[in-house]
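Structure file upload-v3.csv with CSV, C-alpha atoms:
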```csv
chain,number,residue,atom,x,y,z
W,107,MET,CA,38.2,-119.8,-104.9
W,108,SER,CA,39.4,-117.6,-107.7
W,109,THR,CA,37.7,-116.9,-111.0
W,110,VAL,CA,39.7,-116.3,-114.1
W,111,LYS,CA,38.3,-113.9,-116.6
W,112,ALA,CA,38.8,-115.1,-120.2
W,113,THR,CA,39.6,-111.7,-121.3
W,114,ALA,CA,41.7,-110.5,-118.3
W,115,LEU,CA,43.9,-107.6,-119.4
W,116,PRO,CA,47.5,-108.5,-119.8
W,117,PRO,CA,50.2,-106.1,-118.5
W,118,PHE,CA,50.4,-103.1,-120.8
W,119,GLN,CA,54.1,-103.9,-121.2
W,120,PHE,CA,53.1,-107.0,-123.2
W,121,VAL,CA,50.6,-105.1,-125.3
W,122,PHE,CA,53.3,-102.6,-126.1
W,123,GLU,CA,55.8,-105.3,-127.0
W,124,GLN,CA,53.4,-107.1,-129.2
W,125,HIS,CA,51.6,-104.3,-131.0
W,126,ALA,CA,53.7,-101.1,-131.0
W,127,ASN,CA,55.4,-101.9,-134.3
W,128,ALA,CA,52.0,-102.4,-136.0
W,129,VAL,CA,50.7,-99.1,-134.6
W,130,LEU,CA,53.8,-97.2,-135.9
W,131,THR,CA,53.7,-98.9,-139.3
W,132,PHE,CA,50.0,-98.0,-139.6
W,133,LEU,CA,50.6,-94.4,-138.7
W,134,ARG,CA,53.6,-94.0,-141.0
W,135,GLY,CA,51.4,-95.3,-143.8
W,136,SER,CA,48.5,-93.0,-143.0
W,137,ILE,CA,50.2,-89.7,-142.0
W,138,GLY,CA,53.8,-90.0,-143.1
W,139,ALA,CA,57.0,-90.5,-141.3
W,140,SER,CA,57.5,-87.0,-140.0
W,141,GLU,CA,54.3,-87.0,-137.9
W,142,ALA,CA,54.1,-90.7,-137.2
W,143,GLU,CA,56.1,-90.6,-134.1
W,144,ASP,CA,54.2,-87.8,-132.4
W,145,CYS,CA,51.0,-89.6,-133.3
W,146,PHE,CA,52.4,-92.9,-132.0
W,147,GLN,CA,53.2,-91.3,-128.7
W,148,GLU,CA,49.7,-89.8,-128.4
W,149,THR,CA,48.1,-93.1,-129.4
W,150,MET,CA,50.0,-95.1,-126.8
W,151,LEU,CA,49.5,-92.6,-124.0
W,152,SER,CA,45.7,-92.5,-124.7
W,153,ALA,CA,45.6,-96.3,-124.8
W,154,LEU,CA,47.5,-96.5,-121.5
W,155,ARG,CA,45.2,-94.0,-119.9
W,156,ALA,CA,42.1,-95.9,-121.0
W,157,TYR,CA,43.5,-99.4,-120.6
W,158,PRO,CA,42.2,-100.4,-117.1
W,159,ARG,CA,38.6,-99.5,-118.2
W,160,LEU,CA,38.8,-101.6,-121.3
W,161,GLY,CA,36.2,-104.3,-120.7
W,162,ASP,CA,37.4,-106.8,-123.3
W,163,GLY,CA,41.0,-107.6,-124.0
W,164,SER,CA,40.4,-110.0,-126.8
W,165,ASN,CA,41.3,-107.7,-129.7
W,166,LEU,CA,44.0,-105.4,-128.4
W,167,ARG,CA,45.6,-104.7,-131.7
W,168,GLY,CA,42.2,-103.7,-133.2
W,169,TRP,CA,41.6,-101.4,-130.2
W,170,LEU,CA,45.1,-99.8,-130.6
W,171,LEU,CA,44.6,-99.3,-134.3
W,172,THR,CA,41.2,-97.6,-133.7
W,173,ILE,CA,42.9,-95.2,-131.3
W,174,ALA,CA,45.7,-94.7,-133.9
W,175,ARG,CA,43.1,-93.9,-136.6
W,176,CYS,CA,41.5,-91.2,-134.4
W,177,LYS,CA,44.9,-89.7,-133.7
W,178,ALA,CA,45.8,-89.8,-137.4
W,179,ILE,CA,42.6,-88.0,-138.3
W,180,ASP,CA,43.3,-85.3,-135.6
W,181,ALA,CA,46.8,-84.9,-137.1
W,182,HIS,CA,45.3,-84.5,-140.6
W,183,ARG,CA,42.9,-81.9,-139.4
W,184,ALA,CA,45.6,-80.0,-137.6
W,185,ARG,CA,47.7,-80.1,-140.7
W,186,ALA,CA,44.8,-78.8,-142.8
W,187,ARG,CA,44.4,-75.9,-140.4
W,188,ARG,CA,48.0,-74.9,-140.7
W,189,PRO,CA,48.4,-71.8,-143.0
W,190,SER,CA,51.4,-73.0,-145.0
W,191,PRO,CA,51.5,-76.2,-147.0
W,192,VAL,CA,53.3,-79.1,-145.5
W,193,ALA,CA,54.9,-82.2,-147.0
W,194,ASP,CA,52.7,-85.0,-148.3
W,195,PRO,CA,52.7,-88.3,-146.4
W,196,ASP,CA,56.0,-90.0,-146.9
W,197,PRO,CA,55.4,-91.9,-150.1
W,198,GLY,CA,57.9,-94.5,-149.1
W,199,ALA,CA,55.9,-95.3,-145.9
W,200,VAL,CA,52.6,-96.1,-147.4
W,201,VAL,CA,51.6,-99.6,-146.2
W,202,ASP,CA,48.7,-101.8,-145.8
W,203,ALA,CA,47.0,-101.5,-142.4
W,204,HIS,CA,46.7,-105.2,-142.2
W,205,LEU,CA,50.5,-105.6,-142.7
W,206,GLU,CA,50.1,-108.4,-145.1
W,207,PRO,CA,52.1,-109.0,-148.3
W,208,ASP,CA,50.5,-106.9,-151.0
W,209,ASP,CA,52.1,-108.1,-154.3
W,210,GLY,CA,53.3,-104.6,-155.1
W,211,LEU,CA,49.9,-102.9,-154.8
W,212,TRP,CA,51.1,-100.3,-152.4
W,213,ASP,CA,54.1,-99.6,-154.6
W,214,GLN,CA,51.6,-98.6,-157.2
W,215,VAL,CA,49.7,-96.5,-154.6
W,216,ARG,CA,52.9,-94.6,-153.9
W,217,GLY,CA,53.0,-93.6,-157.6
W,218,LEU,CA,49.6,-92.0,-157.6
W,219,PRO,CA,49.2,-88.2,-157.7
W,220,SER,CA,49.2,-86.7,-154.3
W,221,LYS,CA,45.5,-86.1,-153.8
W,222,GLN,CA,44.5,-89.6,-155.0
W,223,ARG,CA,47.2,-91.2,-153.0
W,224,LYS,CA,46.1,-89.5,-149.8
W,225,ALA,CA,42.5,-90.4,-150.4
W,226,VAL,CA,43.2,-94.0,-151.2
W,227,VAL,CA,45.4,-94.4,-148.2
W,228,LEU,CA,42.8,-92.9,-145.9
W,229,ARG,CA,40.1,-95.0,-147.3
W,230,PHE,CA,41.9,-98.4,-147.4
W,231,ALA,CA,44.8,-98.2,-145.0
W,232,GLY,CA,43.1,-95.9,-142.6
W,233,ASP,CA,39.6,-97.5,-143.2
W,234,LYS,CA,38.0,-94.0,-142.9
W,235,SER,CA,34.6,-92.9,-144.1
W,236,TYR,CA,34.2,-90.3,-146.8
W,237,PRO,CA,33.2,-87.6,-144.4
W,238,GLU,CA,36.4,-88.3,-142.4
W,239,ILE,CA,38.5,-88.3,-145.5
W,240,ALA,CA,36.9,-85.0,-146.6
W,241,ALA,CA,37.6,-83.5,-143.2
W,242,ALA,CA,41.2,-84.8,-143.2
W,243,MET,CA,41.9,-83.4,-146.6
W,244,SER,CA,39.9,-80.2,-146.1
W,245,THR,CA,37.7,-80.9,-149.1
W,246,THR,CA,34.2,-82.0,-149.9
W,247,GLN,CA,32.9,-85.5,-149.6
W,248,ASP,CA,32.2,-85.6,-153.3
W,249,SER,CA,35.7,-84.5,-154.1
W,250,ALA,CA,37.1,-87.1,-151.7
W,251,ARG,CA,35.0,-89.8,-153.3
W,252,GLN,CA,36.2,-88.6,-156.7
W,253,SER,CA,39.8,-88.8,-155.7
W,254,VAL,CA,39.4,-92.4,-154.4
W,255,HIS,CA,37.6,-93.3,-157.5
W,256,GLU,CA,40.2,-91.8,-159.8
W,257,GLY,CA,43.0,-93.4,-157.8
W,258,LEU,CA,41.4,-96.9,-158.0
W,259,LYS,CA,40.8,-96.5,-161.7
W,260,LYS,CA,44.4,-95.7,-162.2
W,261,LEU,CA,45.5,-98.6,-160.1
W,262,ARG,CA,43.3,-101.0,-162.0
W,263,ARG,CA,44.8,-99.8,-165.3
W,264,GLU,CA,48.3,-100.2,-164.0
W,265,LEU,CA,47.9,-103.5,-162.4
W,266,ARG,CA,46.1,-105.1,-165.3
B,49,MET,CA,59.0,-100.1,-139.3
B,50,THR,CA,60.0,-100.8,-135.8
B,51,VAL,CA,59.7,-98.8,-132.6
B,52,ASP,CA,63.3,-98.1,-131.5
B,53,LEU,CA,64.7,-97.7,-128.0
B,54,ALA,CA,64.6,-93.9,-128.1
B,55,MET,CA,60.9,-93.9,-128.9
B,56,THR,CA,60.1,-96.5,-126.2
B,57,ASN,CA,62.1,-94.5,-123.6
B,58,ARG,CA,60.2,-91.3,-124.6
B,59,PHE,CA,56.9,-93.1,-124.2
B,60,ILE,CA,57.9,-94.4,-120.7
B,61,GLU,CA,59.1,-91.0,-119.7
B,62,ARG,CA,55.9,-89.3,-120.7
B,63,ALA,CA,53.7,-92.0,-119.2
B,64,GLU,CA,55.6,-91.6,-115.9
B,65,ALA,CA,55.3,-87.8,-116.1
B,66,LYS,CA,51.5,-88.1,-116.6
B,67,GLY,CA,51.2,-90.6,-113.7
B,68,LEU,CA,50.0,-93.4,-116.0
B,69,VAL,CA,52.4,-96.1,-114.8
B,70,ASP,CA,50.7,-97.9,-111.9
B,71,VAL,CA,53.5,-100.5,-111.6
B,72,ALA,CA,57.0,-99.9,-112.8
B,73,VAL,CA,59.2,-102.9,-113.6
B,74,ALA,CA,63.0,-103.3,-113.5
B,75,THR,CA,65.5,-106.2,-113.3
B,76,MET,CA,68.9,-106.4,-111.8
B,77,ASP,CA,71.7,-109.0,-111.5
B,78,SER,CA,72.5,-110.1,-108.1
B,79,PRO,CA,74.6,-112.9,-106.4
B,80,VAL,CA,71.3,-114.8,-105.9
B,81,GLY,CA,70.3,-114.5,-109.6
B,82,THR,CA,68.5,-111.9,-111.6
B,83,LEU,CA,65.9,-110.1,-109.5
B,84,LEU,CA,62.6,-108.8,-110.9
B,85,LEU,CA,61.6,-105.6,-109.1
B,86,MET,CA,58.3,-103.8,-109.2
B,87,ALA,CA,57.2,-100.5,-107.6
B,88,THR,CA,54.0,-98.6,-107.5
B,89,PRO,CA,54.0,-94.8,-106.8
B,90,ARG,CA,53.7,-95.8,-103.1
B,91,GLY,CA,56.8,-97.9,-103.0
B,92,LEU,CA,58.4,-101.3,-103.6
B,93,VAL,CA,55.7,-103.8,-104.0
B,94,ARG,CA,57.3,-107.0,-105.4
B,95,ILE,CA,60.6,-108.7,-105.8
B,96,ALA,CA,60.8,-112.0,-107.6
B,97,PHE,CA,63.7,-114.4,-107.9
B,98,ASP,CA,64.4,-115.8,-111.3
B,99,HIS,CA,62.9,-119.2,-110.7
B,100,GLU,CA,59.6,-117.4,-111.1
B,101,ASN,CA,58.4,-116.8,-114.6
B,102,ARG,CA,58.5,-113.1,-115.5
B,103,ASP,CA,55.3,-113.2,-117.6
B,104,GLU,CA,53.5,-115.0,-114.8
B,105,VAL,CA,54.6,-112.5,-112.1
B,106,LEU,CA,53.6,-109.5,-114.3
B,107,GLY,CA,50.3,-111.2,-115.1
B,108,ASP,CA,49.6,-111.8,-111.5
B,109,VAL,CA,50.3,-108.3,-110.5
B,110,ALA,CA,48.3,-107.0,-113.4
B,111,THR,CA,45.3,-108.9,-112.1
B,112,ARG,CA,45.7,-108.0,-108.5
B,113,LEU,CA,46.8,-104.4,-108.7
B,114,SER,CA,46.6,-102.8,-112.2
B,115,PRO,CA,47.3,-103.8,-115.8
B,116,ARG,CA,49.1,-100.5,-116.3
B,117,ILE,CA,52.5,-102.2,-115.9
B,118,LEU,CA,55.6,-101.0,-117.8
B,119,ASP,CA,59.3,-101.5,-117.9
B,120,ALA,CA,60.2,-98.2,-116.2
B,121,PRO,CA,63.4,-99.0,-114.4
B,122,ARG,CA,64.2,-95.5,-113.2
B,123,ARG,CA,61.6,-95.7,-110.5
B,124,LEU,CA,63.6,-98.5,-109.1
B,125,ASP,CA,67.0,-96.9,-109.2
B,126,ALA,CA,67.1,-96.2,-105.4
B,127,VAL,CA,66.1,-99.7,-104.6
B,128,ARG,CA,68.6,-101.2,-107.0
B,129,ARG,CA,71.4,-99.1,-105.5
B,130,GLN,CA,70.5,-100.2,-102.0
B,131,LEU,CA,70.3,-103.8,-103.1
B,132,ASP,CA,73.7,-103.6,-104.7
B,133,ARG,CA,75.2,-102.3,-101.5
B,134,TYR,CA,73.4,-104.9,-99.5
B,135,PHE,CA,74.8,-107.7,-101.6
B,136,ALA,CA,78.2,-106.2,-101.4
B,137,GLY,CA,77.9,-106.3,-97.6
B,138,THR,CA,78.0,-102.5,-97.1
B,139,LEU,CA,74.3,-101.9,-96.4
B,140,ARG,CA,72.6,-103.4,-93.4
B,141,ASP,CA,69.2,-101.6,-93.3
B,142,PHE,CA,67.1,-100.8,-96.3
B,143,ASP,CA,65.5,-97.4,-96.4
B,144,VAL,CA,62.9,-97.6,-99.2
B,145,PRO,CA,59.1,-97.0,-99.1
B,146,LEU,CA,57.2,-100.3,-99.3
B,147,ASP,CA,53.8,-100.9,-100.7
B,148,TRP,CA,52.0,-103.7,-98.9
B,149,SER,CA,49.0,-104.0,-101.4
B,150,LEU,CA,49.9,-107.6,-102.3
B,151,THR,CA,49.7,-108.7,-98.7
B,152,GLY,CA,46.7,-109.4,-96.5
B,153,GLU,CA,46.2,-108.0,-93.0
B,154,PHE,CA,47.7,-110.8,-91.0
B,155,ALA,CA,50.6,-111.4,-93.4
B,156,ARG,CA,51.4,-107.7,-93.3
B,157,LYS,CA,51.6,-107.8,-89.5
B,158,VAL,CA,53.9,-110.8,-89.7
B,159,LEU,CA,56.1,-109.2,-92.3
B,160,ARG,CA,56.4,-105.8,-90.5
B,161,ARG,CA,57.4,-107.7,-87.4
B,162,THR,CA,60.0,-109.6,-89.5
B,163,ALA,CA,61.4,-106.4,-90.9
B,164,ARG,CA,62.4,-105.5,-87.3
B,165,ILE,CA,64.7,-108.5,-86.9
B,166,PRO,CA,68.2,-107.0,-87.0
B,167,TYR,CA,70.7,-107.6,-89.8
B,168,GLY,CA,72.8,-110.6,-89.0
B,169,SER,CA,70.5,-112.2,-86.5
B,170,VAL,CA,67.6,-114.6,-86.7
B,171,ALA,CA,64.3,-115.2,-85.0
B,172,SER,CA,62.1,-118.4,-84.8
B,173,TYR,CA,58.7,-118.8,-86.3
B,174,ALA,CA,57.5,-119.0,-82.7
B,175,ASP,CA,59.2,-115.7,-81.8
B,176,VAL,CA,57.4,-114.0,-84.7
B,177,ALA,CA,54.1,-115.6,-83.8
B,178,VAL,CA,54.4,-114.2,-80.2
B,179,GLY,CA,55.5,-110.9,-81.7
B,180,VAL,CA,52.3,-110.5,-83.6
B,181,GLY,CA,50.1,-111.7,-80.7
B,182,THR,CA,49.2,-115.2,-81.9
B,183,PRO,CA,51.6,-117.4,-80.0
B,184,ARG,CA,50.1,-120.6,-81.3
B,185,GLY,CA,49.9,-119.3,-84.9
B,186,TYR,CA,53.4,-120.1,-85.9
B,187,ARG,CA,52.1,-122.2,-88.8
B,188,ALA,CA,50.1,-119.2,-90.1
B,189,VAL,CA,53.3,-117.2,-89.6
B,190,GLY,CA,55.1,-119.7,-91.8
B,191,ASN,CA,52.5,-119.3,-94.5
B,192,ALA,CA,52.7,-115.5,-94.3
B,193,LEU,CA,56.5,-115.6,-94.6
B,194,GLY,CA,56.3,-118.0,-97.5
B,195,SER,CA,54.0,-115.5,-99.4
B,196,ASN,CA,56.3,-112.6,-98.7
B,197,PRO,CA,56.0,-110.5,-101.9
B,198,ILE,CA,59.2,-108.5,-101.1
B,199,PRO,CA,61.9,-111.0,-100.1
B,200,VAL,CA,65.4,-109.8,-99.2
B,201,VAL,CA,64.2,-106.3,-98.5
B,202,VAL,CA,61.6,-107.7,-96.1
B,203,PRO,CA,64.0,-110.2,-94.5
B,204,CYS,CA,61.9,-113.3,-94.1
B,205,HIS,CA,65.2,-115.2,-94.5
B,206,ARG,CA,66.0,-114.3,-90.9
B,207,VAL,CA,63.2,-116.5,-89.6
B,208,VAL,CA,64.4,-120.1,-88.8
B,209,ARG,CA,63.0,-122.9,-86.8
B,210,THR,CA,63.3,-123.1,-83.0
B,211,GLY,CA,66.5,-124.9,-82.3
B,212,GLY,CA,68.2,-123.4,-85.3
B,213,ALA,CA,67.1,-125.6,-88.3
B,214,ILE,CA,66.9,-123.5,-91.3
B,215,GLY,CA,63.2,-123.9,-92.0
B,216,GLY,CA,61.7,-123.0,-95.4
B,217,TYR,CA,62.2,-120.3,-98.0
B,218,GLY,CA,60.1,-119.1,-100.9
B,219,GLY,CA,63.2,-118.5,-102.9
B,220,GLY,CA,64.7,-121.9,-102.1
B,221,LEU,CA,67.0,-122.9,-99.3
B,222,PRO,CA,70.3,-122.2,-101.1
B,223,ARG,CA,69.3,-118.6,-101.4
B,224,LYS,CA,68.3,-118.4,-97.7
B,225,ARG,CA,71.6,-120.0,-96.7
B,226,TRP,CA,73.5,-117.5,-98.9
B,227,LEU,CA,71.7,-114.5,-97.5
B,228,LEU,CA,72.2,-115.6,-93.9
B,229,ALA,CA,75.9,-116.3,-94.6
B,230,LEU,CA,76.3,-112.9,-96.1
B,231,GLU,CA,74.8,-111.2,-93.0
B,232,THR,CA,76.9,-113.2,-90.5
B,233,GLY,CA,79.9,-112.3,-92.7
```
Turn this file's structure into structure tokens for me.
Amino acid sequence: MSTVKATALPPFQFVFEQHANAVLTFLRGSIGASEAEDCFQETMLSALRAYPRLGDGSNLRGWLLTIARCKAIDAHRARARRPSPVADPDPGAVVDAHLEPDDGLWDQVRGLPSKQRKAVVLRFAGDKSYPEIAAAMSTTQDSARQSVHEGLKKLRRELR
Amino acid sequence: MTVDLAMTNRFIERAEAKGLVDVAVATMDSPVGTLLLMATPRGLVRIAFDHENRDEVLGDVATRLSPRILDAPRRLDAVRRQLDRYFAGTLRDFDVPLDWSLTGEFARKVLRRTARIPYGSVASYADVAVGVGTPRGYRAVGNALGSNPIPVVVPCHRVVRTGGAIGGYGGGLPRKRWLLALETG
């Protein structure tokens, strides 16, 4: 007699086929095109390494995006540690983490000043906490909160 | 934004280099239809004919061996080259490492015995039963052959019924006839 687990893990090949695009899109939105691919590779390798120990295969996309989020934070920190300034996240690549139509909202986000844009993307596309945003942007929590606040205020004005 | 072929290939290469691909998958065209090939680091573990559903075969191997399965065709290059030569009639004996993990103890014995039947000849189910020390177990032998996870390379097509009737074949009788005809040239 065989028992079938409801959440049996599918072959990783299927997971890759179904979710790789979403992971890459998310990473492009949160750290920019230039670093998205490295992060994508790191995300998928970490996922593959951990996959057999994953107890529950019912939300594989959510699981992958969580790993991607951690990799994006690592990348932000590494960037912050670098001595010379580097390019901002590719403004053309800012997208909604949930990959749903956004009625032009993210177009407006692209138009925000750099600090506000980063903070808003981290907060809402990256779903990060203020301590995480502060760490990623090498700033204080108050300042991170302030940037998100200012960004949202500006968006509200523009979308009205 | 879509993941392109170059990115996918880079991922596969790195996953292979880090030893994270437990089962590598490839396909190849052959005169008996598209073959689905799978290998672990230990060796060739599964060949499926195209009447089997690819997703189901991969799902089954994911459950029984490991879900770390990826299209990583390079690992199967040597197998594919040998199969090409076999189908062209220029290779008689395969020389590739085999992984028997999908086979139970008895079936393994039967299939190893079967692998010793020379190219171009046949043995009966009863012969094989005697060969594995269970002369009355030819029915169990038939079951073991029917569940051969590595057909063609493990030549269960060379086992026929006493008296010469063709017997059964997991891949269907037309394929068995084709393979036997190829070998008797």
Distance cut-off 12 Å, counting all atoms listed in the file - which residues of chain B neighbour chain W? Return them as a PyMOL selection string.
chain B and resi 49-74+102-120
Using only C-alpha atoms for the distances, tell me which of B:Arg164, B:Lys224, B:His205, B:Arg187 is nearest to Asp141 in chain B.
B:Arg164
Excluding Asp77 in chain B and any residue of its chain fewer than 3 positions from it, enumerate the residues within 10 Å of it, using only C-alpha atoms, and give them as a PyMOL selection string.
chain B and resi 80-84+98+128+131-132
Residue selection dump (C-alpha atoms) as a short mmCIF file (atom, residue, chain, number, x, y, z; two decimals), keeping the file's coordinate frame:
```
data_model
loop_
_atom_site.label_atom_id
_atom_site.label_comp_id
_atom_site.auth_asym_id
_atom_site.auth_seq_id
_atom_site.Cartn_x
_atom_site.Cartn_y
_atom_site.Cartn_z
CA VAL B 80 71.30 -114.80 -105.90
CA GLY B 81 70.30 -114.50 -109.60
CA THR B 82 68.50 -111.90 -111.60
CA LEU B 83 65.90 -110.10 -109.50
CA LEU B 84 62.60 -108.80 -110.90
CA ASP B 98 64.40 -115.80 -111.30
CA ARG B 128 68.60 -101.20 -107.00
CA LEU B 131 70.30 -103.80 -103.10
CA ASP B 132 73.70 -103.60 -104.70
#
```
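For Pro166 in chain B, the residues within 10 Å (counting all atoms listed in the file, excluding itself and residues fewer than 5 positions away along the chain) are B:Arg140, B:Asp141, B:Ala171, B:Pro203, B:Arg206, B:Glu231.
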Between CA of Gly215 in chain B and CA of Val144 in chain B lies a distance of 27.3 Å
Minimum-distance residue to Ala142 in chain W, chosen among W:Val254, W:Arg175, W:Gly168, W:Gly161 (using all atoms listed in the file)
W:Arg175
When you draw a straight line from CA of Val227 in chain W to CA of Gly135 in chain W, how long is it in Å?
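If I compute the distance from CA of Val227 in chain W to CA of Gly135 in chain W, I get 7.5 Å.
Near Ala87 in chain B, within a cut-off of 7 Å and counting all atoms listed in the file, sit the residues Val71, Ala72, Val73, Leu85, Pro89, Gly91, Leu92, Val93, Arg94 and Leu124 of chain B, with same-chain residues fewer than 2 positions away left out.
Rounded to one decimal, CA of Gly257 in chain W and CA of Lys224 in chain W lie 9.4 Å from each other.
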Which one is closest to Val170 in chain B: B:Gly212, B:Gly185, B:Pro121, B:Pro222? Count all atoms listed in the file.
B:Gly212
